[in-house]
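Asker: Provided below: upload.cif, containing mmCIF, C-alpha atoms.
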data_work
#
loop_
_atom_site.label_atom_id
_atom_site.label_comp_id
_atom_site.auth_asym_id
_atom_site.auth_seq_id
_atom_site.Cartn_x
_atom_site.Cartn_y
_atom_site.Cartn_z
CA MET A 469 47.63 54.58 130.16
CA ASP A 470 47.17 56.43 126.89
CA GLU A 471 45.29 59.13 128.78
CA LEU A 472 48.16 59.48 131.23
CA LEU A 473 50.66 59.80 128.36
CA ALA A 474 48.49 62.40 126.68
CA LYS A 475 48.44 64.46 129.86
CA SER A 476 52.18 64.13 130.34
CA SER A 477 54.15 67.34 129.72
CA VAL A 478 57.28 65.39 128.75
CA LYS A 479 58.16 66.12 125.13
CA GLN A 480 59.16 63.05 123.13
CA LEU A 481 62.74 63.23 121.84
CA GLU A 482 63.28 64.04 118.19
CA ALA A 483 66.41 64.00 116.04
CA GLY A 484 68.11 67.37 116.31
CA ASP A 485 66.88 68.19 119.83
CA VAL A 486 69.44 69.65 122.21
CA VAL A 487 68.89 68.45 125.78
CA GLU A 488 70.57 68.35 129.17
CA GLY A 489 71.61 65.12 130.85
CA THR A 490 73.76 63.68 133.63
CA ILE A 491 76.60 61.23 133.02
CA SER A 492 75.81 57.89 134.63
CA SER A 493 78.75 55.88 133.29
CA VAL A 494 82.06 56.59 131.53
CA LYS A 495 83.51 53.70 129.54
CA LYS A 496 86.43 53.40 127.10
CA HIS A 497 84.43 53.83 123.91
CA GLU A 498 81.19 55.39 125.16
CA VAL A 499 79.57 57.58 127.76
CA TRP A 500 76.10 56.79 129.12
CA VAL A 501 73.78 59.69 129.93
CA ASP A 502 70.70 59.85 132.16
CA LEU A 503 68.08 61.95 130.32
CA GLY A 504 65.54 61.90 133.13
CA ALA A 505 62.00 61.30 131.89
CA ASN A 506 63.41 60.71 128.39
CA GLY A 507 65.31 57.63 129.51
CA VAL A 508 68.96 57.06 128.76
CA GLY A 509 71.28 57.75 125.87
CA VAL A 510 74.81 57.01 124.76
CA VAL A 511 77.56 59.23 123.37
CA LEU A 512 80.18 57.36 121.33
CA ARG A 513 83.81 58.47 121.71
CA ARG A 514 83.92 60.00 118.22
CA GLU A 515 81.05 62.32 119.25
CA ILE A 516 82.90 63.72 122.27
CA GLY A 517 84.94 66.90 121.82
CA HIS A 518 88.71 66.48 121.58
CA GLY A 519 90.47 66.54 124.93
CA GLN A 520 87.31 66.70 127.04
CA VAL A 521 87.50 65.02 130.47
CA LEU A 522 84.15 63.57 131.58
CA GLU A 523 83.12 62.27 134.99
CA VAL A 524 80.12 60.47 136.49
CA ASP A 525 77.36 62.87 137.73
CA GLN A 526 78.66 65.63 135.46
CA SER A 527 75.92 67.61 133.66
CA ILE A 528 76.39 67.86 129.90
CA THR A 529 74.50 69.17 126.87
CA VAL A 530 73.92 66.74 124.02
CA SER A 531 72.26 66.69 120.62
CA VAL A 532 69.93 63.83 119.67
CA ILE A 533 71.10 61.90 116.60
CA ASP A 534 68.57 59.06 116.89
CA PRO A 535 65.82 59.32 119.58
CA GLU A 536 65.37 55.56 119.87
CA MET A 537 67.75 52.86 118.77
CA ASP A 538 66.65 49.21 118.51
CA GLU A 539 67.93 48.62 122.03
CA GLY A 540 65.69 51.40 123.36
CA TYR A 541 68.27 54.07 124.17
CA ALA A 542 68.95 57.36 122.35
CA LEU A 543 72.07 57.98 120.26
CA LEU A 544 73.60 61.32 121.30
CA SER A 545 76.40 63.70 120.30
CA MET A 546 78.29 66.26 122.36
CA LYS A 547 80.11 67.60 119.30
CA ARG A 548 76.89 68.34 117.48
CA ALA A 549 75.38 70.00 120.54
CA ALA A 550 78.41 72.26 120.86
CA LYS A 551 78.15 73.10 117.18
CA ASP A 552 74.43 73.84 117.45
CA ARG A 553 75.05 76.20 120.35
CA GLY A 554 77.97 77.66 118.41
CA TRP A 555 75.80 78.58 115.43
CA ASP A 556 73.27 80.23 117.75
CA GLU A 557 76.00 82.29 119.38
CA LEU A 558 77.49 83.25 116.00
CA GLN A 559 74.08 84.37 114.80
CA ARG A 560 73.74 86.53 117.90
CA LEU A 561 77.21 88.05 117.41
CA PHE A 562 76.33 88.80 113.78
CA GLU A 563 72.98 90.41 114.57
CA GLU A 564 74.42 92.54 117.36
CA GLN A 565 77.57 93.32 115.33
CA GLU A 566 79.77 92.55 118.29
CA ILE A 567 83.54 92.75 117.96
CA VAL A 568 85.32 89.56 119.00
CA GLU A 569 88.94 88.49 119.22
CA VAL A 570 89.95 85.48 117.15
CA THR A 571 93.18 83.68 116.26
CA ALA A 572 93.78 82.22 112.81
CA TYR A 573 94.92 78.60 112.84
CA ASP A 574 96.08 78.54 109.20
CA ALA A 575 96.31 80.60 106.00
CA ASN A 576 95.97 80.19 102.26
CA ARG A 577 96.49 82.62 99.38
CA GLY A 578 92.92 83.91 99.77
CA GLY A 579 93.01 84.73 103.47
CA LEU A 580 93.04 83.32 107.00
CA LEU A 581 91.31 80.24 108.41
CA VAL A 582 89.61 81.00 111.72
CA GLU A 583 87.59 78.91 114.20
CA LEU A 584 85.07 80.47 116.60
CA GLU A 585 82.57 78.67 118.86
CA GLY A 586 83.69 75.39 117.33
CA ILE A 587 82.76 76.56 113.81
CA ARG A 588 85.39 77.04 111.13
CA GLY A 589 85.24 80.25 109.13
CA PHE A 590 87.26 82.45 106.78
CA LEU A 591 88.78 85.93 106.89
CA PRO A 592 89.42 87.00 103.27
CA VAL A 593 92.46 89.09 102.36
CA SER A 594 90.12 91.86 101.19
CA GLN A 595 88.67 92.11 104.72
CA LEU A 596 92.00 92.63 106.50
CA ALA A 597 92.66 96.03 108.05
CA ALA A 598 95.26 98.30 106.44
CA GLY A 599 97.99 97.34 108.90
CA HIS A 600 97.68 93.65 108.03
CA TYR A 601 96.93 93.82 104.30
CA PRO A 602 99.73 92.08 102.35
CA ARG A 603 101.08 94.74 99.99
CA VAL A 604 103.33 92.99 97.47
CA SER A 605 104.71 93.80 94.04
CA GLY A 606 102.96 92.21 91.08
CA ALA A 607 100.46 90.40 93.33
CA ASP A 608 103.02 87.64 93.94
CA LYS A 609 100.91 84.81 95.43
CA ASP A 610 103.79 83.17 97.28
CA GLU A 611 104.76 86.48 98.88
CA ILE A 612 101.12 87.12 99.84
CA LEU A 613 100.94 83.69 101.51
CA GLN A 614 104.18 84.38 103.35
CA LYS A 615 102.75 87.61 104.79
CA LEU A 616 99.47 85.91 105.70
CA ASN A 617 101.31 83.08 107.48
CA ALA A 618 102.90 85.72 109.69
CA LEU A 619 99.39 86.54 110.99
CA VAL A 620 98.62 82.95 112.04
CA GLU A 621 98.33 82.59 115.84
CA GLN A 622 98.13 86.38 116.21
CA PRO A 623 95.03 87.81 117.96
CA LEU A 624 92.79 89.74 115.58
CA ARG A 625 89.71 91.83 116.40
CA VAL A 626 86.90 91.08 113.92
CA ARG A 627 83.21 91.32 113.22
CA ILE A 628 81.16 88.58 111.58
CA LEU A 629 80.44 89.70 108.02
CA ASP A 630 78.20 86.78 107.03
CA VAL A 631 76.89 83.68 108.78
CA SER A 632 74.69 80.87 107.45
CA ARG A 633 74.18 77.61 109.29
CA ARG A 634 72.30 76.16 106.33
CA ASP A 635 75.18 76.89 103.93
CA ASN A 636 77.85 76.18 106.57
CA LYS A 637 79.27 79.65 105.89
CA LEU A 638 81.10 81.93 108.32
CA ILE A 639 82.95 85.01 107.06
CA PHE A 640 84.89 87.45 109.25
CA SER A 641 86.02 91.04 108.64
CA GLU A 642 88.80 92.91 110.41
CA LYS A 643 88.00 96.06 108.40
CA GLU A 644 84.48 96.17 109.81
CA ALA A 645 85.81 95.82 113.36
CA VAL A 646 88.00 98.92 113.03
CA LYS A 647 85.58 100.91 110.85
CA ASP A 648 84.10 103.04 113.65
CA ASP A 649 87.52 103.79 115.07
CA MET A 650 88.83 104.66 111.60
CA GLN A 651 85.98 107.12 110.99
CA ALA A 652 86.79 108.86 114.27
CA ARG A 653 90.46 109.10 113.26
CA PHE A 654 89.59 110.35 109.78
CA ALA A 655 87.45 113.09 111.32
CA LYS A 656 90.53 114.48 113.07
CA LEU A 657 92.59 114.70 109.86
CA LYS A 658 92.55 117.35 107.15
CA VAL A 659 94.38 118.13 103.92
CA GLY A 660 97.70 119.81 104.70
CA ASP A 661 98.34 117.90 107.92
CA VAL A 662 101.72 116.26 108.35
CA VAL A 663 101.45 112.66 109.57
CA GLU A 664 103.90 109.90 110.50
CA GLY A 665 103.55 106.34 109.30
CA VAL A 666 105.31 103.08 108.51
CA VAL A 667 105.87 101.96 104.91
CA THR A 668 104.02 98.65 104.48
CA GLY A 669 104.56 98.07 100.78
CA VAL A 670 106.50 99.50 97.84
CA ILE A 671 105.20 98.83 94.33
CA ASP A 672 105.77 100.16 90.83
CA PHE A 673 103.35 103.09 91.16
CA GLY A 674 104.17 104.18 94.71
CA ALA A 675 104.30 103.22 98.38
CA PHE A 676 101.67 102.26 100.95
CA VAL A 677 101.95 103.73 104.43
CA ASN A 678 100.20 102.70 107.65
CA VAL A 679 99.24 105.90 109.50
CA ASP A 680 98.00 104.75 112.92
CA GLY A 681 95.90 102.04 111.29
CA ILE A 682 94.79 104.18 108.34
CA GLU A 683 96.08 103.29 104.89
CA GLY A 684 97.92 105.98 102.98
CA LEU A 685 99.33 105.99 99.46
CA ILE A 686 102.30 107.99 98.24
CA HIS A 687 101.96 107.99 94.46
CA ILE A 688 105.20 107.76 92.49
CA SER A 689 104.70 111.37 91.36
CA GLU A 690 104.65 112.50 95.03
CA ILE A 691 107.77 110.69 96.22
CA SER A 692 110.39 113.20 95.07
CA TRP A 693 110.78 116.40 93.09
CA GLU A 694 113.14 114.39 90.91
CA ARG A 695 111.86 112.10 88.19
CA VAL A 696 111.27 108.79 89.98
CA GLU A 697 111.67 105.62 87.93
CA ASP A 698 111.73 103.13 90.80
CA PRO A 699 110.08 103.99 94.17
CA ARG A 700 112.16 101.26 95.85
CA LYS A 701 115.23 103.49 95.55
CA TYR A 702 113.56 106.12 97.74
CA VAL A 703 111.58 104.24 100.41
CA LYS A 704 111.83 100.82 102.07
CA VAL A 705 109.28 98.57 103.77
CA GLY A 706 109.39 99.15 107.53
CA GLU A 707 110.79 102.67 107.17
CA VAL A 708 109.12 105.41 109.26
CA VAL A 709 108.29 108.46 107.14
CA GLN A 710 106.65 111.83 107.58
CA ALA A 711 104.34 112.95 104.77
CA LYS A 712 101.79 115.62 103.99
CA ILE A 713 98.13 114.77 103.40
CA ILE A 714 97.16 116.04 99.93
CA ALA A 715 93.75 114.33 99.68
CA ILE A 716 91.38 112.28 101.85
CA ASP A 717 89.43 109.58 100.04
CA LYS A 718 86.73 107.27 101.46
CA ASP A 719 89.07 105.01 103.40
CA ARG A 720 92.55 106.09 102.32
CA LEU A 721 94.89 109.05 102.58
CA SER A 722 96.76 110.44 99.60
CA LEU A 723 100.18 111.48 100.86
CA SER A 724 103.18 113.41 99.56
CA LEU A 725 106.81 113.07 100.54
CA LYS A 726 108.11 115.67 98.15
CA GLN A 727 105.89 118.42 99.54
CA MET A 728 107.71 118.10 102.84
CA SER A 729 110.51 120.12 101.24
CA GLU A 730 110.67 123.20 99.01
CA ASP A 731 110.44 122.58 95.28
CA PRO A 732 114.07 122.91 94.12
CA TRP A 733 112.82 123.61 90.58
CA LEU A 734 111.38 126.97 91.66
CA LYS A 735 114.69 127.94 93.22
CA GLN A 736 116.97 126.75 90.44
CA VAL A 737 114.84 128.09 87.58
CA LYS A 738 115.62 131.62 88.77
CA ALA A 739 119.09 131.17 87.24
CA PHE A 740 117.54 131.18 83.73
CA LYS A 741 115.66 133.80 81.76
CA LYS A 742 114.09 134.07 78.34
CA GLY A 743 116.69 134.65 75.62
CA ASP A 744 119.58 133.05 77.52
CA VAL A 745 121.87 130.62 75.73
CA VAL A 746 122.44 127.70 78.10
CA GLU A 747 124.18 124.36 78.11
CA GLY A 748 122.17 121.21 78.79
CA LYS A 749 122.52 117.42 78.78
CA ILE A 750 120.17 115.20 76.76
CA THR A 751 118.26 112.88 79.13
CA ARG A 752 115.48 111.50 76.89
CA ILE A 753 114.81 111.40 73.14
CA THR A 754 111.25 111.06 71.80
CA PRO A 755 109.67 111.38 68.32
CA PHE A 756 108.38 114.87 69.22
CA GLY A 757 111.57 116.22 70.76
CA ALA A 758 114.23 115.79 73.42
CA PHE A 759 114.40 116.50 77.13
CA VAL A 760 117.36 118.48 78.36
CA GLN A 761 118.68 118.74 81.93
CA LEU A 762 119.78 122.30 82.67
CA SER A 763 120.44 121.80 86.40
CA PRO A 764 119.89 118.96 88.93
CA ALA A 765 116.18 119.85 89.31
CA VAL A 766 115.39 121.68 86.06
CA GLU A 767 114.54 119.82 82.88
CA ALA A 768 113.45 121.51 79.64
CA LEU A 769 112.10 120.44 76.25
CA VAL A 770 113.43 121.20 72.81
CA HIS A 771 110.61 120.48 70.38
CA VAL A 772 111.36 118.80 67.06
CA SER A 773 110.37 122.05 65.29
CA GLU A 774 113.22 123.84 67.12
CA MET A 775 115.94 121.42 66.05
CA GLY A 776 116.49 122.72 62.55
CA ASP A 777 114.90 124.25 59.45
CA ASP A 778 114.01 120.83 57.97
CA ASP A 779 110.41 119.81 58.68
CA ASN A 780 111.40 116.13 58.75
CA VAL A 781 114.06 116.28 61.45
CA ASP A 782 114.67 112.99 63.28
CA PRO A 783 115.60 113.70 66.95
CA GLU A 784 117.46 110.38 67.13
CA LYS A 785 119.84 111.59 64.44
CA VAL A 786 120.30 115.02 66.01
CA PHE A 787 121.00 113.95 69.62
CA GLN A 788 122.63 111.20 71.63
CA LEU A 789 121.80 110.43 75.26
CA ASN A 790 123.98 112.30 77.81
CA GLU A 791 125.33 114.53 75.02
CA LYS A 792 125.78 118.20 75.98
CA LYS A 793 124.74 121.02 73.64
CA GLN A 794 123.97 124.73 73.64
CA PHE A 795 120.32 125.88 73.56
CA LYS A 796 118.42 129.13 73.60
CA VAL A 797 115.65 129.63 76.20
CA LEU A 798 112.43 130.43 74.31
CA ASP A 799 109.98 130.49 77.21
CA ILE A 800 109.71 129.82 80.96
CA ASP A 801 106.32 128.89 82.44
CA THR A 802 106.76 128.71 86.23
CA GLU A 803 103.15 127.71 86.93
CA ALA A 804 103.32 124.73 84.58
CA ARG A 805 106.98 124.13 85.48
CA LYS A 806 107.94 124.07 81.79
CA ILE A 807 110.84 125.52 79.82
CA ALA A 808 110.97 125.57 76.03
CA LEU A 809 114.34 125.50 74.26
CA SER A 810 115.62 125.97 70.73
CA LEU A 811 118.63 124.31 69.19
CA LYS A 812 118.50 126.14 65.88
CA ASP A 813 118.42 129.61 67.51
CA ALA A 814 121.32 128.91 69.88
CA SER A 815 124.06 129.65 67.36
#
Any chance you could give the structure as structure tokens?
Answerer:
Amino acid sequence: MDELLAKSSVKQLEAGDVVEGTISSVKKHEVWVDLGANGVGVVLRREIGHGQVLEVDQSITVSVIDPEMDEGYALLSMKRAAKDRGWDELQRLFEEQEIVEVTAYDANRGGLLVELEGIRGFLPVSQLAAGHYPRVSGADKDEILQKLNALVEQPLRVRILDVSRRDNKLIFSEKEAVKDDMQARFAKLKVGDVVEGVVTGVIDFGAFVNVDGIEGLIHISEISWERVEDPRKYVKVGEVVQAKIIAIDKDRLSLSLKQMSEDPWLKQVKAFKKGDVVEGKITRITPFGAFVQLSPAVEALVHVSEMGDDDNVDPEKVFQLNEKKQFKVLDIDTEARKIALSLKDAS
């Protein structure tokens, strides 16, 4: 008998084995499985996938929890078998860098919760593509979560960024899935091109724009030829804008709204020349001088040394905001867009 067993090609079951079997009986709390030469096994209800309908003579794949219980049968799990196969498939997707479509089932402030092949994973905020990245002012966590919740149940194309069965880790990346496409789009763009995009976020230092899936930034200094204090007064989220590309970084475009129109400063400055006595309105007062508006687009500076003969002149005592005074034009530098004025030489 021992000799016959030794010659047998049937591998003895071990915990963790994944095997095929045929359902021989379906009961309320358990399903009995014919494992052929390996005998019989049982799958308890808690080890059957949610919502699965099982029938007698149906072939199923199971994982061995215990190869031989005291009663002589094997304790099996369909859930674990599905999970084992899932990890194998995830490893293959990772190694081959395949792009897959997933749907997030929930979100937290750090990103999206995603399940694939029965395995739960995570899509961090930092790995979202430009069109889905939650641009909010002051990194408001509640606002970020609100934007992420809007992505739940939406189909997303991703690549697996990291997978580890041992550590039970599964990380997805939408950025990696669109990377190749983005590089192809970047190759078609050049500095000076005019592009159209949708404003996705407005913050203190500028506005983010989605240009056909590519992220663009309009810095506050490139929003208008005027002095911009609050970008929100010039652009709104959801607004479609046309802008000029002024730089192309690794994965972002630097854009300009103001360069879509002629610099009004260059036109209006022609009305002034060196030696003119002009009237201007005080717009800002600083320790080193005061800024004076000569026309809607032209601002000039009167340095503290040009306010009087006293070396210890205090600009705050000489000027008041919005006050109008006469000044003499000392110099006009069109390249630097600067005009120097004198108060003491104006009389």
Asker: For Glu644 in chain A, which residue out of A:Glu730, A:Asp778, A:Glu566, A:Asp698 is the nearest one, using all atoms listed in the file?
Answerer: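 Ranking A:Glu730, A:Asp778, A:Glu566, A:Asp698 by distance to Glu644 in chain A, first place goes to A:Glu566.
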Asker: Using only C-alpha atoms, which protein or nucleic acid residues come within 8 Å of range 733-747 of chain A? Drop anything in the same chain fewer than 2 positions from it, and give the result as a ChimeraX atom specification.
Answerer: /A:693,731,749,762-763,765-766,792-800,802,805,814
Asker: Once the PyMOL selection byres ((chain A and resi 586) around 8) has been evaluated on this model, what residues remain selected, and can you format them as a list in words?
Answerer: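 Those residues are Ala550, Lys551, Gly554, Glu583, Leu584, Glu585, Ile587 and Arg588 of chain A.
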Asker: Between A:Ala768, A:Arg548, A:Val670, A:Ala675, single out the one closest to Ala804 in chain A, counting all atoms listed in the file.
Answerer: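 Nearest to Ala804 in chain A: A:Ala768.
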Asker: Starting from the shown file, work through the PyMOL selection byres ((chain A and resi 569) around 8) and note down what comes out as a list in words.
Answerer: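 Applying the expression gives Ile567, Val568, Val570, Thr571, Pro623, Leu624, Arg625 and Val626 of chain A.
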Asker: Restricting the calculation to all atoms listed in the file: of A:Gln651, A:Leu657, A:Arg633, A:Glu774, which residue gets closest to Lys718 in chain A?
Answerer: A:Gln651
Asker: Determine, counting only C-alpha atoms, which protein, DNA and RNA residues have an atom within 8 Å of an atom of Val679 in chain A; residues of the same chain fewer than 5 positions away are not included. Present the result as a PyMOL selection string.
Answerer: chain A and resi 663-666+684
Asker: What gap, in Å, lies between CA of Arg634 in chain A and CA of Pro592 in chain A?
Answerer: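 Computing the Euclidean distance for CA of Arg634 in chain A and CA of Pro592 in chain A yields 20.5 Å.
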Asker: Would you work out the distance separating CA of Lys658 in chain A from CA of Asp680 in chain A, expressed in Å to one decimal?
Answerer: 14.9 Å
Asker: Evaluate the PyMOL selection byres ((chain A and resi 591) around 8) on the structure here and hand back the selected residues as a PyMOL selection string.
Answerer: chain A and resi 579-582+589-590+592-593+595-596+639-642
Asker: What does the structure give for the distance between CA of His771 in chain A and CA of Phe756 in chain A, in Å to one decimal?
Answerer: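 CA of His771 in chain A sits 6.1 Å away from CA of Phe756 in chain A.
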Asker: What would the list of residues within 10 Å of (74.7, 66.2, 137.6) (file frame) look like as a list in words, if only C-alpha atoms are what count?
Answerer: Glu488, Gly489, Thr490, Ile491, Ser492, Asp502, Glu523, Val524, Asp525, Gln526, Ser527 and Ile528 of chain A
Asker: Considering only C-alpha atoms, can you say which of A:Ala715, A:Val620, A:Val760, A:Leu769 comes closest to Asp661 in chain A?
Answerer: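 Answer, going by the shortest atom-to-atom distance: A:Ala715.
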Asker: Let me make sure I understand: among A:Asp649, A:Glu697, A:Asp574, A:Glu683, which one has the smallest atom-to-atom distance to Glu621 in chain A if we use all atoms listed in the file?
Answerer: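 Between A:Asp649, A:Glu697, A:Asp574, A:Glu683, the residue approaching Glu621 in chain A most closely is A:Asp574.
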Asker: Please, which residues in range 659-775 of chain A fall within 9 Å of range 601-604 of chain A when counting all atoms listed in the file, and what is the closest atom pair and distance in Å to one decimal for each, ordered by chain then residue number, as a Markdown table?
Answerer:
| residue | atom | partner | partner_atom | distance |
| --- | --- | --- | --- | --- |
| A:Thr668 | CA | A:Arg603 | CA | 6.6 |
| A:Gly669 | CA | A:Arg603 | CA | 4.9 |
| A:Val670 | CA | A:Val604 | CA | 7.3 |
| A:Ile671 | CA | A:Val604 | CA | 6.9 |
| A:Phe676 | CA | A:Arg603 | CA | 7.6 |
Asker: Find, counting all atoms listed in the file, the residue in A:Leu685, A:Leu543, A:Leu811, A:Ile750 that gets nearest to Ser773 in chain A.
Answerer: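 That would be A:Leu811, the residue with the smallest distance to Ser773 in chain A.
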